[in-house]
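Remarks on the structure that follows.
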Amino acid sequence: MHFTSEQRLEDGVLERDFTLGDIPGVLWTPASASASAPAPLILLGHPPLGLRKMRPRLAERARHAAADGFAAATVELPGSGDRPRWAALEQARADLRRVMRAGEPVGDELVDALVLPLVDKAVPECRAALDALLALPEVGGPVGYSGGVISIGIRLAVVEPRIAAAVLFAGSLVPRALVEEARRVAIPLHVLLQWDDEGNDRQASLDLFDAFGSPEKSLHAHLGGHTGVPRFAGDAAAHFFTRHLR
């Protein structure tokens, strides 16, 4: 891990850009974090819109986490932002846009092409980032995972034992293979669902929640579209992490 820039924000949070090989990322640590009192880490997921575009929203989530004593970090997804273009992924995204504009159902083959290669590449990169982040003296475990592509969250919850709890944003573009993996998820889950999400099928999202094998899981549904998650939902998610990462 190589830090490329840093700045101290007005609330005392230290914001540092880093690279892990050719993968860009950002780490936010609260002023209270130190080698003698390392801050538990929340890995922030995000949609494949590019880290540069998502950064203001990610920084807001990170500063909210820092106010509760957590470090937060994120990494750029494969094929997004400043990373090299991924022709197969871009074709799948173009096919998805075409199907949705036409009002046609999104078939399993398209969902698999869109999601499975991304999960297969992104999850090992997230685990490598955890290796590097948790080696820093001011950052410690346990780790939480928050938001982003729900299929990435499913795979991480199954294969990464350092992740102790997850806040997931419900989505319906989940391959059948990952719905089956969801049955193996055992960590506590806090799932947010936008009831009128124009980009997701509500029943498919509910079916995925039902598939999760976690003994402790809660579904928090709110009226509104995809970007209409109410601010108080963030407070509930913060309380969830405080209970499970302390």
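Here, A, B, ... name the chains of the structure tokens in the order displayed, residue numbers run from 1 inside each chain, and ligands are numbered from 1 in the same displayed order.
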Discussion item. As number ranges by chain, please: the residues near stretch 231-245 of chain A (cut-off 10 Å, only C-alpha atoms, same-chain neighbours under 6 positions excluded).
Written reply: A: 39-42, 61, 64-65, 67-70, 141-146, 163-168, 187-192, 220-222
Discussion item. Residues of stretch 54-213 of chain A classed as helix (DSSP H, G or I) by DSSP on the backbone are to be reported as a PyMOL selection string.
Written reply: chain A and resi 54-67+87-101+108-134+150-159+176-182+202-211
Discussion item. For A:Leu178, find every residue with an atom within 12 Å (counting only C-alpha atoms), except residues of its own chain fewer than 6 positions away, and show them as a PyMOL selection string.
Written reply: chain A and resi 108+111-112+115-116+119-120+150-158+172+184-185+208+211-212
Output the selection as a compact mmCIF listing (two decimals), in the first residue's frame - N, CA and C atoms for each residue.
# COMPACT_ATOMS: atom_id res chain seq x y z
N ASP A 108 -31.52 -14.12 -16.88
CA ASP A 108 -30.45 -14.66 -16.04
C ASP A 108 -29.09 -14.58 -16.73
N VAL A 111 -27.73 -11.08 -16.35
CA VAL A 111 -27.35 -10.82 -14.96
C VAL A 111 -26.02 -11.50 -14.64
N ASP A 112 -25.87 -12.75 -15.10
CA ASP A 112 -24.61 -13.46 -14.86
C ASP A 112 -23.44 -12.73 -15.52
N VAL A 115 -22.66 -9.46 -13.52
CA VAL A 115 -22.30 -9.48 -12.10
C VAL A 115 -21.19 -10.48 -11.75
N LEU A 116 -21.26 -11.69 -12.28
CA LEU A 116 -20.34 -12.73 -11.82
C LEU A 116 -18.86 -12.39 -12.06
N VAL A 119 -17.81 -9.78 -9.45
CA VAL A 119 -17.65 -10.35 -8.11
C VAL A 119 -16.35 -11.16 -8.03
N ASP A 120 -16.11 -11.97 -9.05
CA ASP A 120 -14.91 -12.84 -9.04
C ASP A 120 -13.62 -12.03 -8.97
N ILE A 150 -24.61 -5.51 -3.99
CA ILE A 150 -24.99 -6.49 -2.97
C ILE A 150 -24.37 -7.86 -3.24
N SER A 151 -24.13 -8.20 -4.49
CA SER A 151 -23.52 -9.50 -4.80
C SER A 151 -22.09 -9.57 -4.27
N ILE A 152 -21.35 -8.45 -4.32
CA ILE A 152 -20.02 -8.41 -3.74
C ILE A 152 -20.11 -8.61 -2.23
N GLY A 153 -21.10 -7.97 -1.61
CA GLY A 153 -21.30 -8.15 -0.17
C GLY A 153 -21.62 -9.58 0.21
N ILE A 154 -22.42 -10.25 -0.60
CA ILE A 154 -22.75 -11.65 -0.33
C ILE A 154 -21.49 -12.50 -0.35
N ARG A 155 -20.68 -12.39 -1.41
CA ARG A 155 -19.48 -13.21 -1.54
C ARG A 155 -18.51 -12.91 -0.39
N LEU A 156 -18.31 -11.63 -0.08
CA LEU A 156 -17.40 -11.28 1.01
C LEU A 156 -17.88 -11.86 2.34
N ALA A 157 -19.18 -11.80 2.58
CA ALA A 157 -19.71 -12.32 3.84
C ALA A 157 -19.49 -13.82 3.97
N VAL A 158 -19.43 -14.51 2.83
CA VAL A 158 -19.24 -15.97 2.85
C VAL A 158 -17.76 -16.34 3.00
N SER A 172 -31.89 -6.43 -6.94
CA SER A 172 -32.48 -7.63 -7.53
C SER A 172 -31.65 -8.23 -8.65
N ARG A 184 -25.54 -19.33 2.76
CA ARG A 184 -24.40 -19.66 3.61
C ARG A 184 -23.92 -18.47 4.45
N VAL A 185 -24.52 -17.31 4.24
CA VAL A 185 -24.13 -16.14 5.03
C VAL A 185 -24.60 -16.34 6.47
N LEU A 208 -34.43 -12.50 -1.95
CA LEU A 208 -33.01 -12.59 -1.58
C LEU A 208 -32.86 -12.44 -0.07
N ALA A 211 -33.55 -15.54 1.57
CA ALA A 211 -32.55 -16.58 1.35
C ALA A 211 -31.36 -16.47 2.30
N PHE A 212 -31.08 -15.28 2.82
CA PHE A 212 -29.92 -15.13 3.69
C PHE A 212 -30.03 -16.08 4.88
Practice prompt. Would you mind writing down, as JSON, numbers by chain, each residue of stretch 38-202 of chain A that DSSP on the backbone assigns to strand (DSSP E)?
Written response: {"A": [39, 40, 41, 42, 43, 44, 45, 71, 72, 73, 74, 75, 139, 140, 141, 142, 143, 144, 145, 146, 147, 163, 164, 165, 166, 167, 168, 169, 189, 190, 191, 192, 193, 194]}
Got a sec: who's within 10 Å of A:Arg202, counting only C-alpha atoms, leaving out chain neighbours fewer than 6 positions off, as a compact mmCIF listing (two decimals) with N, CA and C atoms, in the first residue's frame?
# COMPACT_ATOMS: atom_id res chain seq x y z
N ALA A 170 -30.41 -3.41 -0.68
CA ALA A 170 -31.11 -4.47 -1.41
C ALA A 170 -31.09 -4.19 -2.91
N GLY A 171 -30.90 -5.25 -3.67
CA GLY A 171 -30.94 -5.17 -5.12
C GLY A 171 -31.45 -6.47 -5.69
N SER A 172 -31.89 -6.43 -6.94
CA SER A 172 -32.48 -7.63 -7.53
C SER A 172 -31.65 -8.23 -8.65
N LEU A 193 -33.94 -1.45 2.03
CA LEU A 193 -34.72 -1.65 0.80
C LEU A 193 -35.53 -0.39 0.51
N GLN A 194 -35.32 0.17 -0.68
CA GLN A 194 -36.17 1.27 -1.14
C GLN A 194 -37.40 0.67 -1.82
N TRP A 195 -38.57 0.93 -1.25
CA TRP A 195 -39.80 0.25 -1.64
C TRP A 195 -40.20 0.54 -3.09
N ASP A 196 -39.86 1.74 -3.57
CA ASP A 196 -40.25 2.15 -4.93
C ASP A 196 -39.05 2.26 -5.86
N LEU A 208 -34.43 -12.50 -1.95
CA LEU A 208 -33.01 -12.59 -1.58
C LEU A 208 -32.86 -12.44 -0.07
Item to complete: Give the answer as one residue: which of A:Leu130, A:Met54, A:Ala92, A:Val139 has the shortest atom-to-atom distance to A:Ala66, using only C-alpha atoms?
Response: A:Val139
